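Asker: Below is the file structure-v5.txt, with compact mmCIF, C-alpha atoms.
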```txt
# COMPACT_ATOMS: atom_id res chain seq x y z
CA MET A 1 62.14 135.94 118.15
CA GLY A 2 64.55 133.07 118.81
CA TYR A 3 67.55 131.83 120.77
CA THR A 4 70.19 129.39 119.46
CA THR A 5 73.63 128.27 120.46
CA GLY A 6 76.33 127.54 117.94
CA ASN A 7 76.21 128.03 114.19
CA VAL A 8 72.79 127.07 112.82
CA TRP A 9 70.25 128.41 110.36
CA ASN A 10 67.17 130.21 111.72
CA PHE A 11 64.13 130.49 109.49
CA VAL A 12 61.48 132.97 110.62
CA LYS A 13 58.13 133.23 108.86
CA LEU A 14 57.16 136.87 108.53
CA PRO A 15 53.55 138.03 108.54
CA THR A 16 52.26 139.34 105.22
CA TYR A 17 51.56 142.76 106.66
CA ALA A 18 55.17 143.26 107.91
CA GLN A 19 56.78 146.36 106.43
CA SER A 20 60.11 146.25 108.28
CA VAL A 21 62.18 143.72 110.24
CA ILE A 22 64.42 144.46 113.18
CA VAL A 23 66.96 141.77 114.18
CA ARG A 24 68.73 141.97 117.51
CA LEU A 25 71.62 139.57 118.06
CA LYS A 26 73.23 138.67 121.34
CA PRO A 27 76.38 136.51 120.99
CA CYS A 28 76.25 133.21 122.85
CA TYR A 29 80.01 133.26 123.35
CA PRO A 30 82.43 136.16 123.63
CA GLU A 31 84.51 134.52 120.88
CA VAL A 32 81.83 135.08 118.23
CA ALA A 33 81.06 138.71 119.08
CA GLY A 34 81.57 140.98 116.09
CA GLN A 35 81.27 138.25 113.46
CA ILE A 36 79.48 139.24 110.28
CA GLU A 37 76.11 137.51 109.82
CA GLN A 38 74.27 136.87 106.57
CA TYR A 39 70.55 137.37 106.03
CA TYR A 40 68.30 136.05 103.27
CA ILE A 41 64.81 137.29 102.50
CA GLY A 42 62.36 135.51 100.22
CA SER A 43 60.17 132.46 100.00
CA GLY A 44 61.29 129.26 101.71
CA ASN A 45 62.02 127.50 98.42
CA GLU A 46 63.97 130.46 97.07
CA ILE A 47 66.16 130.67 100.16
CA TYR A 48 66.82 126.91 100.32
CA THR A 49 67.58 126.72 96.59
CA GLY A 50 69.87 129.73 96.70
CA ILE A 51 71.85 128.47 99.69
CA LEU A 52 72.22 124.97 98.21
CA ARG A 53 73.28 126.34 94.82
CA GLN A 54 75.85 128.60 96.45
CA SER A 55 77.35 125.84 98.62
CA MET A 56 77.17 122.98 96.12
CA PRO A 57 80.72 123.45 94.65
CA ALA A 58 82.25 123.30 98.16
CA PHE A 59 80.07 120.28 98.99
CA ILE A 60 81.13 118.43 95.82
CA ALA A 61 84.81 119.19 96.47
CA SER A 62 84.44 117.94 100.07
CA VAL A 63 82.77 114.70 98.97
CA PHE A 64 85.49 114.21 96.35
CA ILE A 65 88.18 114.60 99.03
CA LEU A 66 86.36 111.95 101.10
CA LEU A 67 86.16 109.56 98.14
CA VAL A 68 89.84 110.08 97.33
CA GLY A 69 90.68 109.26 100.97
CA LEU A 70 88.59 106.08 100.86
CA PHE A 71 90.26 105.05 97.59
CA ILE A 72 93.79 105.67 98.93
CA THR A 73 93.07 103.76 102.14
CA SER A 74 91.51 100.83 100.26
CA TYR A 75 94.43 100.76 97.82
CA TRP A 76 96.89 100.64 100.72
CA ILE A 77 94.99 97.80 102.40
CA ILE A 78 95.04 95.75 99.19
CA ILE A 79 98.73 96.20 98.36
CA HIS A 80 99.84 96.10 102.02
CA ASN A 81 98.53 92.57 102.48
CA SER A 82 100.57 91.35 99.52
CA SER A 83 103.72 93.46 99.76
CA HIS A 84 104.00 94.77 103.37
CA ILE A 85 104.78 98.37 102.36
CA ASP A 86 104.96 101.15 104.96
CA GLY A 87 102.00 103.17 106.20
CA LEU A 88 102.58 106.24 104.02
CA LEU A 89 99.45 105.90 101.90
CA TYR A 90 97.45 104.73 104.90
CA TYR A 91 98.15 107.93 106.84
CA LEU A 92 97.37 110.09 103.80
CA GLY A 93 94.13 108.17 103.26
CA ILE A 94 92.99 108.55 106.88
CA PHE A 95 93.86 112.27 106.82
CA SER A 96 91.88 112.68 103.58
CA ILE A 97 88.88 110.85 105.03
CA LEU A 98 88.86 113.04 108.15
CA LEU A 99 89.36 116.17 106.05
CA GLY A 100 86.52 115.15 103.73
CA LEU A 101 84.16 114.41 106.63
CA TRP A 102 84.99 117.70 108.34
CA ALA A 103 84.71 119.75 105.15
CA THR A 104 81.40 118.09 104.21
CA ASN A 105 79.97 118.82 107.66
CA GLU A 106 81.00 122.46 107.34
CA THR A 107 79.14 123.08 104.07
CA ASN A 108 75.74 124.77 104.11
CA VAL A 109 74.28 121.61 102.57
CA PHE A 110 74.89 119.87 105.90
CA THR A 111 74.18 122.82 108.18
CA LEU A 112 70.69 123.01 106.67
CA MET A 113 70.08 119.37 107.63
CA LEU A 114 71.93 118.96 110.93
CA LEU A 115 71.44 121.00 114.08
CA ASN A 116 74.15 119.18 116.05
CA ARG A 117 77.53 119.06 114.30
CA ARG A 118 79.84 118.00 117.13
CA ALA A 119 81.38 115.38 114.84
CA ALA A 120 82.88 118.12 112.64
CA PHE A 121 84.90 119.47 115.59
CA LEU A 122 86.09 115.95 116.45
CA PHE A 123 87.22 115.32 112.86
CA LEU A 124 89.14 118.59 112.89
CA MET A 125 90.84 117.80 116.21
CA ILE A 126 91.94 114.30 115.10
CA MET A 127 93.14 115.46 111.67
CA PRO A 128 96.64 116.71 112.66
CA ILE A 129 97.73 113.27 113.92
CA PRO A 130 97.52 111.27 110.64
CA PHE A 131 98.75 114.38 108.79
CA LEU A 132 101.88 114.46 110.96
CA MET A 133 102.43 110.71 110.58
CA PHE A 134 102.15 111.07 106.79
CA VAL A 135 104.59 113.99 106.65
CA LYS A 136 107.07 112.15 108.89
CA ASN A 137 107.07 109.10 106.62
CA PHE A 138 106.89 111.08 103.39
CA LEU A 139 109.89 113.28 104.21
CA GLU A 140 111.69 110.44 106.05
CA ILE A 141 112.14 112.62 109.14
CA ASN A 142 114.64 111.08 111.56
CA ASP A 143 113.37 113.11 114.52
CA ASN A 144 112.16 110.70 117.23
CA LYS A 145 111.09 113.23 119.87
CA ILE A 146 109.37 116.34 118.55
CA TRP A 147 106.78 114.52 116.43
CA LYS A 148 105.89 112.33 119.41
CA ILE A 149 105.48 115.45 121.57
CA ILE A 150 103.17 117.03 118.97
CA CYS A 151 101.10 113.84 118.69
CA SER A 152 100.87 113.61 122.50
CA LEU A 153 99.76 117.24 122.73
CA CYS A 154 97.07 116.61 120.10
CA MET A 155 95.81 113.57 122.02
CA ILE A 156 95.73 115.54 125.28
CA GLN A 157 93.89 118.37 123.53
CA ILE A 158 91.25 115.96 122.16
CA ILE A 159 90.65 114.40 125.59
CA VAL A 160 90.54 117.71 127.47
CA CYS A 161 88.30 119.45 124.92
CA CYS A 162 85.88 116.50 124.89
CA LEU A 163 85.71 116.46 128.70
CA LEU A 164 85.10 120.21 128.83
CA HIS A 165 82.47 120.03 126.10
CA PHE A 166 80.45 117.12 127.44
CA THR A 167 80.52 118.52 130.97
CA GLY A 168 79.23 121.84 129.63
CA LEU A 169 82.20 123.86 130.89
CA TYR A 170 83.72 124.90 127.56
CA GLU A 171 82.02 123.85 124.33
CA PHE A 172 83.76 122.78 121.13
CA ARG A 173 82.94 126.03 119.35
CA ARG A 174 84.73 127.97 122.06
CA SER A 175 87.79 125.68 122.19
CA ILE A 176 88.27 125.63 118.42
CA TRP A 177 91.15 128.08 118.81
CA VAL A 178 93.16 125.33 120.51
CA THR A 179 92.74 123.11 117.46
CA HIS A 180 93.75 125.97 115.20
CA LEU A 181 96.83 126.48 117.36
CA SER A 182 97.74 122.79 116.97
CA ILE A 183 97.39 123.04 113.19
CA CYS A 184 99.61 126.14 113.09
CA LEU A 185 102.19 124.38 115.27
CA LEU A 186 102.19 121.44 112.87
CA LEU A 187 102.70 123.69 109.84
CA ILE A 188 105.58 125.48 111.57
CA TYR A 189 107.15 122.09 112.31
CA MET A 190 106.85 121.15 108.63
CA ILE A 191 108.46 124.42 107.54
CA ILE A 192 111.37 123.94 109.94
CA VAL A 193 111.92 120.37 108.73
CA ILE A 194 111.91 121.43 105.06
CA VAL A 195 114.28 124.34 105.74
CA CYS A 196 116.67 122.01 107.60
CA LYS A 197 116.67 119.56 104.69
CA ILE A 198 117.36 122.36 102.23
CA VAL A 199 120.26 123.65 104.37
CA LYS A 200 121.67 120.10 104.59
CA LYS A 201 121.28 119.76 100.79
CA GLN A 202 118.88 116.84 101.12
CA VAL A 203 116.53 118.09 98.40
CA ASN A 204 114.90 115.27 96.43
CA GLN A 205 111.73 114.70 94.42
CA ARG A 206 109.67 114.14 97.54
CA LEU A 207 110.84 117.37 99.16
CA LYS A 208 110.08 119.40 96.02
CA ALA A 209 106.56 117.96 95.87
CA CYS A 210 106.07 118.64 99.57
CA MET A 211 107.25 122.25 99.24
CA THR A 212 104.76 122.92 96.45
CA ALA A 213 101.92 121.34 98.38
CA LEU A 214 102.91 123.08 101.63
CA ILE A 215 102.54 126.52 100.04
CA LEU A 216 98.97 125.63 99.09
CA ILE A 217 98.25 124.29 102.57
CA ILE A 218 99.60 127.39 104.33
CA VAL A 219 97.61 129.76 102.10
CA ALA A 220 94.44 127.66 102.41
CA THR A 221 94.81 127.46 106.21
CA ILE A 222 95.28 131.22 106.57
CA VAL A 223 92.29 131.96 104.33
CA ASP A 224 90.15 129.33 106.07
CA MET A 225 90.93 130.57 109.58
CA ALA A 226 90.50 134.22 108.59
CA GLY A 227 87.12 133.40 107.11
CA TYR A 228 86.11 131.50 110.21
CA TYR A 229 87.00 134.25 112.67
CA LYS A 230 85.43 136.89 110.43
CA THR A 231 82.10 135.29 109.57
CA GLY A 232 81.97 132.07 111.64
CA ASN A 233 82.13 130.02 108.46
CA ASN A 234 84.97 128.40 106.51
CA ALA A 235 86.46 129.91 103.39
CA GLY A 236 84.49 127.69 101.00
CA ILE A 237 85.72 126.25 97.74
CA PHE A 238 89.26 127.70 97.77
CA GLY A 239 90.39 125.88 100.90
CA ARG A 240 88.90 122.61 99.78
CA LEU A 241 90.46 122.76 96.32
CA SER A 242 93.83 123.63 97.86
CA PHE A 243 93.71 120.60 100.16
CA LEU A 244 92.51 118.44 97.27
CA ILE A 245 95.50 119.53 95.15
CA PHE A 246 97.76 118.81 98.16
CA ILE A 247 96.35 115.30 98.48
CA ILE A 248 96.66 114.64 94.74
CA ILE A 249 100.25 115.94 94.48
CA LEU A 250 101.58 114.04 97.48
CA GLY A 251 99.28 111.09 96.84
CA LEU A 252 100.67 110.58 93.33
CA GLU A 253 104.23 110.84 94.63
CA SER A 254 103.40 108.38 97.42
CA VAL A 255 101.85 105.94 94.94
CA ARG A 256 104.95 106.23 92.74
CA GLN A 257 107.15 105.39 95.72
CA ALA A 258 104.84 102.53 96.70
CA LEU A 259 105.13 101.06 93.20
CA VAL A 260 108.92 101.34 93.39
CA SER A 261 108.81 99.52 96.75
CA LEU A 262 106.56 96.86 95.24
CA LYS A 263 109.01 96.27 92.39
CA LYS A 264 111.90 96.04 94.84
CA GLY A 265 109.91 93.67 97.03
CA ARG A 266 109.07 91.42 94.11
CA ARG A 267 112.69 91.47 92.99
CA MET A 268 113.76 90.48 96.50
CA GLU A 269 111.22 87.65 96.49
CA GLU A 270 112.56 86.48 93.14
CA LEU A 271 116.12 86.57 94.43
CA GLU A 272 115.08 84.75 97.60
CA GLN A 273 113.27 82.14 95.54
CA PHE A 274 116.32 81.75 93.32
CA ALA A 275 118.55 81.38 96.39
CA LEU A 276 116.32 78.77 98.06
CA ASN A 277 114.91 76.84 95.11
CA ASP A 278 116.56 74.29 92.85
CA SER A 279 116.33 75.61 89.29
CA MET A 280 116.22 72.15 87.71
CA THR A 281 113.51 70.44 89.79
CA GLY A 282 111.68 73.38 91.41
CA LEU A 283 112.16 71.81 94.85
CA TYR A 284 113.82 73.60 97.73
CA ASN A 285 117.61 73.41 97.49
CA ARG A 286 120.39 72.66 99.96
CA ASN A 287 120.48 76.30 101.11
CA ALA A 288 116.83 76.08 102.13
CA TYR A 289 117.47 72.79 103.92
CA ASP A 290 120.45 74.20 105.83
CA LEU A 291 118.36 77.26 106.75
CA PHE A 292 115.65 75.00 108.16
CA VAL A 293 118.19 72.96 110.14
CA LYS A 294 119.72 76.16 111.55
CA ASN A 295 116.49 77.95 112.51
CA GLU A 296 114.01 75.23 113.41
CA THR A 297 114.02 74.55 117.14
CA ASP A 298 110.80 72.58 117.61
CA ILE A 299 111.28 69.27 115.78
CA LYS A 300 109.01 67.17 117.94
CA ASN A 301 107.13 64.49 115.92
CA HIS A 302 108.98 65.46 112.73
CA MET A 303 109.87 62.75 110.24
CA VAL A 304 112.72 62.85 107.73
CA VAL A 305 112.23 60.87 104.52
CA THR A 306 115.30 60.53 102.28
CA PHE A 307 115.52 59.46 98.63
CA ASP A 308 118.37 58.46 96.31
CA LEU A 309 118.28 57.77 92.58
CA ASN A 310 119.73 54.35 91.80
CA ASN A 311 121.00 54.50 88.23
CA LEU A 312 121.83 58.17 87.58
CA LYS A 313 125.57 57.59 86.90
CA ARG A 314 124.84 54.81 84.43
CA CYS A 315 122.33 57.04 82.61
CA ASN A 316 124.81 59.94 82.40
CA ASP A 317 127.64 57.68 81.20
CA ASN A 318 125.62 55.83 78.56
CA TYR A 319 123.14 58.46 77.29
CA GLY A 320 124.58 61.88 78.15
CA HIS A 321 123.66 64.63 80.52
CA SER A 322 120.36 65.54 78.79
CA ALA A 323 119.06 62.07 79.64
CA GLY A 324 120.62 62.45 83.09
CA ASP A 325 118.70 65.69 83.65
CA ALA A 326 115.45 63.95 82.70
CA TYR A 327 116.39 61.14 85.11
CA ILE A 328 116.61 63.71 87.92
CA ILE A 329 113.57 65.81 87.01
CA ASN A 330 110.97 63.07 86.55
CA PRO A 331 111.62 61.21 89.85
CA ALA A 332 111.80 64.59 91.62
CA HIS A 333 108.28 65.38 90.39
CA ILE A 334 107.07 61.98 91.62
CA VAL A 335 108.49 62.68 95.09
CA GLU A 336 106.98 66.18 95.06
CA ASN A 337 103.52 65.04 93.92
CA ILE A 338 103.29 62.48 96.72
CA PHE A 339 105.05 64.10 99.68
CA ASP A 340 104.83 67.89 99.11
CA ARG A 341 101.33 68.05 100.63
CA PHE A 342 102.71 66.74 103.93
CA GLY A 343 105.99 68.68 104.22
CA LYS A 344 108.73 70.49 102.33
CA CYS A 345 110.75 68.58 99.74
CA TYR A 346 114.44 69.38 99.21
CA ARG A 347 117.09 68.46 96.68
CA ILE A 348 120.13 68.23 98.95
CA GLY A 349 122.59 66.70 96.48
CA GLY A 350 123.01 65.66 92.87
CA ASP A 351 120.71 62.63 93.15
CA GLU A 352 119.72 62.96 96.81
CA PHE A 353 116.40 64.31 98.06
CA CYS A 354 114.61 64.50 101.36
CA CYS A 355 111.24 65.53 102.74
CA ILE A 356 110.66 66.84 106.27
CA VAL A 357 107.17 66.00 107.50
CA PRO A 358 105.93 67.80 110.65
CA ASP A 359 103.36 66.17 112.97
CA ALA A 360 104.25 62.76 111.56
CA ALA A 361 103.52 60.58 114.59
CA ASP A 362 100.61 58.95 112.73
CA PHE A 363 101.95 59.43 109.22
CA GLN A 364 101.44 56.27 107.12
CA ILE A 365 104.82 56.44 105.44
CA GLU A 366 104.87 52.90 104.04
CA ARG A 367 101.63 53.50 102.18
CA PHE A 368 103.04 56.56 100.39
CA ILE A 369 106.38 54.89 99.65
CA GLN A 370 104.44 52.11 97.96
CA LYS A 371 102.47 54.72 95.97
CA MET A 372 105.79 56.33 94.95
CA GLN A 373 107.18 53.00 93.68
CA GLN A 374 103.97 52.44 91.71
CA ASP A 375 104.41 55.83 90.02
CA VAL A 376 108.06 54.95 89.27
CA ALA A 377 106.87 51.72 87.59
CA ILE A 378 104.40 53.74 85.49
CA LEU A 379 107.20 56.12 84.50
CA ASN A 380 109.41 53.21 83.43
CA ASN A 381 106.58 51.74 81.35
CA LYS A 382 106.34 55.00 79.39
CA ASN A 383 110.01 54.66 78.30
CA VAL A 384 110.54 58.40 78.75
CA ILE A 385 114.05 57.76 80.06
CA PRO A 386 116.40 55.25 78.35
CA THR A 387 117.56 53.84 81.71
CA GLU A 388 115.25 52.21 84.21
CA VAL A 389 114.46 54.63 87.03
CA GLY A 390 114.89 53.48 90.62
CA ILE A 391 114.34 55.43 93.85
CA ALA A 392 115.72 54.11 97.13
CA CYS A 393 113.97 55.47 100.20
CA GLY A 394 114.45 55.57 103.96
CA TYR A 395 112.81 57.37 106.84
CA ALA A 396 113.25 58.10 110.54
CA LEU A 397 111.05 59.75 113.16
CA VAL A 398 112.36 62.22 115.71
CA THR A 399 112.72 60.70 119.17
CA SER A 400 112.93 62.37 122.57
CA ALA A 401 116.72 61.97 122.46
CA ASP A 402 117.07 63.89 119.17
CA LYS A 403 118.11 67.53 119.42
CA ASP A 404 119.26 67.93 115.82
CA ILE A 405 117.34 67.08 112.65
CA GLU A 406 120.62 66.02 111.00
CA LYS A 407 120.90 63.06 113.35
CA VAL A 408 117.44 61.98 112.25
CA ARG A 409 118.42 62.30 108.58
CA GLU A 410 121.49 60.13 109.20
CA ARG A 411 119.23 57.35 110.49
CA ALA A 412 116.97 57.78 107.47
CA ASP A 413 120.03 57.56 105.20
CA GLU A 414 121.13 54.34 106.85
CA MET A 415 117.73 52.83 106.12
CA MET A 416 117.79 54.22 102.58
CA TYR A 417 121.23 52.73 101.76
CA HIS A 418 120.12 49.42 103.16
CA ASN A 419 117.02 49.53 100.95
CA LYS A 420 119.14 50.65 97.98
CA LYS A 421 120.73 47.21 97.94
CA GLU A 422 117.37 45.43 97.97
CA PRO A 423 114.76 47.90 96.68
CA VAL A 424 112.47 45.31 95.16
CA LYS A 425 112.35 43.16 98.27
CA LYS A 426 111.63 46.15 100.50
CA PHE A 427 109.02 48.11 98.56
CA LEU A 428 107.52 46.02 95.79
```
Spell out the structure here as structure tokens.
Answerer:
Amino acid sequence: MGYTTGNVWNFVKLPTYAQSVIVRLKPCYPEVAGQIEQYYIGSGNEIYTGILRQSMPAFIASVFILLVGLFITSYWIIIHNSSHIDGLLYYLGIFSILLGLWATNETNVFTLMLLNRRAAFLFLMIMPIPFLMFVKNFLEINDNKIWKIICSLCMIQIIVCCLLHFTGLYEFRRSIWVTHLSICLLLIYMIIVIVCKIVKKQVNQRLKACMTALILIIVATIVDMAGYYKTGNNAGIFGRLSFLIFIIILGLESVRQALVSLKKGRRMEELEQFALNDSMTGLYNRNAYDLFVKNETDIKNHMVVTFDLNNLKRCNDNYGHSAGDAYIINPAHIVENIFDRFGKCYRIGGDEFCCIVPDAADFQIERFIQKMQQDVAILNNKNVIPTEVGIACGYALVTSADKDIEKVRERADEMMYHNKKEPVKKFL
């Protein structure tokens, strides 16, 4: 009454006068001979409703696995851009997505709708690769050879199986045993790694979580494969729930580790900021300036602008260090507000500052120095500081003969000290 290849549903409308039905099956492939088939008799609506009701729990679990994978991957993308953590969650997310897509395709909800389910075989073949990458990162495996060999074998298997399938020589449903063999090889590798870590007394929280999840995975894989080779179908809800628990257990542990890494990263950023920023003014400090001088090799068209506060000693001597601090902070903010948009501003000494402006060949430095002196005059008119504030300034542009930014700063300093003697004549 019909001929089909693969695993699909066949609906046959029986005549009303039929008293008995004889079904003769001829296996398309030797691999599926002897598998147990299921038969349903009733009206079309009854059969559809019954099959959907029976497969709905497995379908919901599969979709949930897919959604969890999408969430984990999205979460990794968001925090990776800001913190540059490793790919642990990414690999788990990709594995979960592939697992969810494969499991969803294998439910009767999908088999009722789709005649061609090649994608499910592809998802299953690709799955071991992100799973292995996740396990390697999760357990911090130092092996640099075996995991690469397993990944290479999986890639070769995918290419060969696809070529054989699309040329009609050996279809996916017949080569599924190769994928199952790869999965078993991967699980054996995991067991060996865990045993080695236990023997070496390297048991930690991650390993304990992995051991618990691995037991679930092994049992689910055995049940799933046994169900497949017995009936041609997967094991249903048990396998999916086992993998979901695996993803949740290791996912939560991975998230915990990611949060720890985030905290460490933020702490490192804070320490770096503390090491390179002046706590009083908020500008970059001498360490940051020296780091720039040491590492920057391309200084073409750079300009160095130097600043010196004129009356700081007098302010400290006459009004104390609190007034002296205000004398440093307020002019520093003026320099930052004007020059920070063009380059980095540094406090390189007690009352000495500089700004390094890249691409300054056409920089209108005199215009901004004049604006700075205007802001200094406004500050003095406010009487915020008991001593009149004065900022001497000098600048120098890198020439073709300059190989070191310090030489340029020396020329800027010479100009600044010259202007320090006659600030009003030069800038006002």
Asker: Once you count only C-alpha atoms, what closest atom pair and distance in Å to one decimal does each residue of segment 249-352 of chain A within 8 Å of segment 382-404 of chain A have, with rows by chain and rising residue number, as JSON lines?
Answerer:
```
{"residue": "A:Val293", "atom": "CA", "partner": "A:Asp404", "partner_atom": "CA", "distance": 7.7}
{"residue": "A:Ile299", "atom": "CA", "partner": "A:Val398", "partner_atom": "CA", "distance": 7.1}
{"residue": "A:Lys300", "atom": "CA", "partner": "A:Val398", "partner_atom": "CA", "distance": 6.4}
{"residue": "A:Asn301", "atom": "CA", "partner": "A:Val398", "partner_atom": "CA", "distance": 5.7}
{"residue": "A:His302", "atom": "CA", "partner": "A:Val398", "partner_atom": "CA", "distance": 5.5}
{"residue": "A:Met303", "atom": "CA", "partner": "A:Leu397", "partner_atom": "CA", "distance": 4.3}
{"residue": "A:Val304", "atom": "CA", "partner": "A:Ala396", "partner_atom": "CA", "distance": 5.5}
{"residue": "A:Val305", "atom": "CA", "partner": "A:Tyr395", "partner_atom": "CA", "distance": 4.2}
{"residue": "A:Thr306", "atom": "CA", "partner": "A:Gly394", "partner_atom": "CA", "distance": 5.3}
{"residue": "A:Phe307", "atom": "CA", "partner": "A:Cys393", "partner_atom": "CA", "distance": 4.6}
{"residue": "A:Asp308", "atom": "CA", "partner": "A:Ala392", "partner_atom": "CA", "distance": 5.2}
{"residue": "A:Leu309", "atom": "CA", "partner": "A:Ile391", "partner_atom": "CA", "distance": 4.8}
{"residue": "A:Asn310", "atom": "CA", "partner": "A:Gly390", "partner_atom": "CA", "distance": 5.1}
{"residue": "A:Asn311", "atom": "CA", "partner": "A:Gly390", "partner_atom": "CA", "distance": 6.6}
{"residue": "A:Arg314", "atom": "CA", "partner": "A:Thr387", "partner_atom": "CA", "distance": 7.8}
{"residue": "A:Cys315", "atom": "CA", "partner": "A:Thr387", "partner_atom": "CA", "distance": 5.8}
{"residue": "A:Tyr319", "atom": "CA", "partner": "A:Pro386", "partner_atom": "CA", "distance": 7.5}
{"residue": "A:Ala323", "atom": "CA", "partner": "A:Ile385", "partner_atom": "CA", "distance": 6.6}
{"residue": "A:Ala326", "atom": "CA", "partner": "A:Ile385", "partner_atom": "CA", "distance": 6.9}
{"residue": "A:Tyr327", "atom": "CA", "partner": "A:Ile385", "partner_atom": "CA", "distance": 6.5}
{"residue": "A:Pro331", "atom": "CA", "partner": "A:Ile391", "partner_atom": "CA", "distance": 7.5}
```
Asker: May I ask for the distance between atom CA of Ala377 of chain A and atom CA of Arg286 of chain A, given in Å to one decimal place?
Answerer: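 Pair atom CA of Ala377 of chain A / atom CA of Arg286 of chain A returns 27.8 Å.
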Asker: Here's a test: counting only C-alpha atoms, identify every protein, DNA and RNA residue with an atom at most 7 Å from (87.8, 112.9, 101.9) in the file's coordinate frame, and state them as a PyMOL selection string.
Answerer: chain A and resi 62-70+96-101
Asker: One decimal, in Å: what's the spacing between atom CA of Tyr189 of chain A and atom CA of Val255 of chain A?
Answerer: 24.3 Å
Asker: Would you list the residues near (109.4, 110.9, 101.3) (no more than 10 Å away, in the coordinates of the file, using only C-alpha atoms) as a PyMOL selection string?
Answerer: chain A and resi 88+134-141+204-207+209-210+250+253-254+257
Asker: Write the selection just made, keeping C-alpha atoms, as a PDB file, in the frame of the given file?
Answerer:
```pdb
ATOM      1  CA  LEU A  88     102.580 106.240 104.020  1.00  0.00           C
ATOM      2  CA  PHE A 134     102.150 111.070 106.790  1.00  0.00           C
ATOM      3  CA  VAL A 135     104.590 113.990 106.650  1.00  0.00           C
ATOM      4  CA  LYS A 136     107.070 112.150 108.890  1.00  0.00           C
ATOM      5  CA  ASN A 137     107.070 109.100 106.620  1.00  0.00           C
ATOM      6  CA  PHE A 138     106.890 111.080 103.390  1.00  0.00           C
ATOM      7  CA  LEU A 139     109.890 113.280 104.210  1.00  0.00           C
ATOM      8  CA  GLU A 140     111.690 110.440 106.050  1.00  0.00           C
ATOM      9  CA  ILE A 141     112.140 112.620 109.140  1.00  0.00           C
ATOM     10  CA  ASN A 204     114.900 115.270  96.430  1.00  0.00           C
ATOM     11  CA  GLN A 205     111.730 114.700  94.420  1.00  0.00           C
ATOM     12  CA  ARG A 206     109.670 114.140  97.540  1.00  0.00           C
ATOM     13  CA  LEU A 207     110.840 117.370  99.160  1.00  0.00           C
ATOM     14  CA  ALA A 209     106.560 117.960  95.870  1.00  0.00           C
ATOM     15  CA  CYS A 210     106.070 118.640  99.570  1.00  0.00           C
ATOM     16  CA  LEU A 250     101.580 114.040  97.480  1.00  0.00           C
ATOM     17  CA  GLU A 253     104.230 110.840  94.630  1.00  0.00           C
ATOM     18  CA  SER A 254     103.400 108.380  97.420  1.00  0.00           C
ATOM     19  CA  GLN A 257     107.150 105.390  95.720  1.00  0.00           C
TER      20      GLN A 257
END
```
Asker: For each of A:Asp359, A:Ala58, A:Pro15, A:Ile217, take the minimum atom-to-atom distance to Ile191 of chain A, counting all atoms listed in the file, then give the residue where this is smallest.
Answerer: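 The answer is A:Ile217, which sits nearest to Ile191 of chain A.
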Asker: Could you tell me how far atom CA of Leu283 of chain A sits from atom CA of Lys263 of chain A, in Å to one decimal place?
Answerer: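 About the pair atom CA of Lys263 of chain A and atom CA of Leu283 of chain A: they are 24.8 Å apart.
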Asker: Find, counting only C-alpha atoms, the residue in A:Ile129, A:Ile47, A:Met415, A:Leu276 that gets nearest to Leu92 of chain A.
Answerer: A:Ile129
Asker: Give the answer as one residue: which of A:Ile126, A:Ile41, A:Cys345, A:Leu241 has the shortest atom-to-atom distance to Cys162 of chain A, using all atoms listed in the file?
Answerer: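 The answer is A:Ile126, which sits nearest to Cys162 of chain A.
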Asker: Extract, using all atoms listed in the file, all DNA, RNA and protein residues at most 9 Å from segment 150-161 of chain A, discarding same-chain residues fewer than 5 positions from it, and format them as a VMD selection string.
Answerer: chain A and resid 122 125 to 126 128 to 129 132 to 133 145 166 170 to 172 175 to 176 178 to 179 182 185 to 186
Asker: Could you check the closest approach to Val21 of chain A for each of A:Asp340, A:Thr104, A:Tyr39, A:Glu352 and tell me which residue wins, using only C-alpha atoms?
Answerer: A:Tyr39
Asker: I'd like to know which of A:Phe274, A:Trp147, A:Tyr91, A:Trp9 is closest to Gln38 of chain A, using all atoms listed in the file.
Answerer: A:Trp9
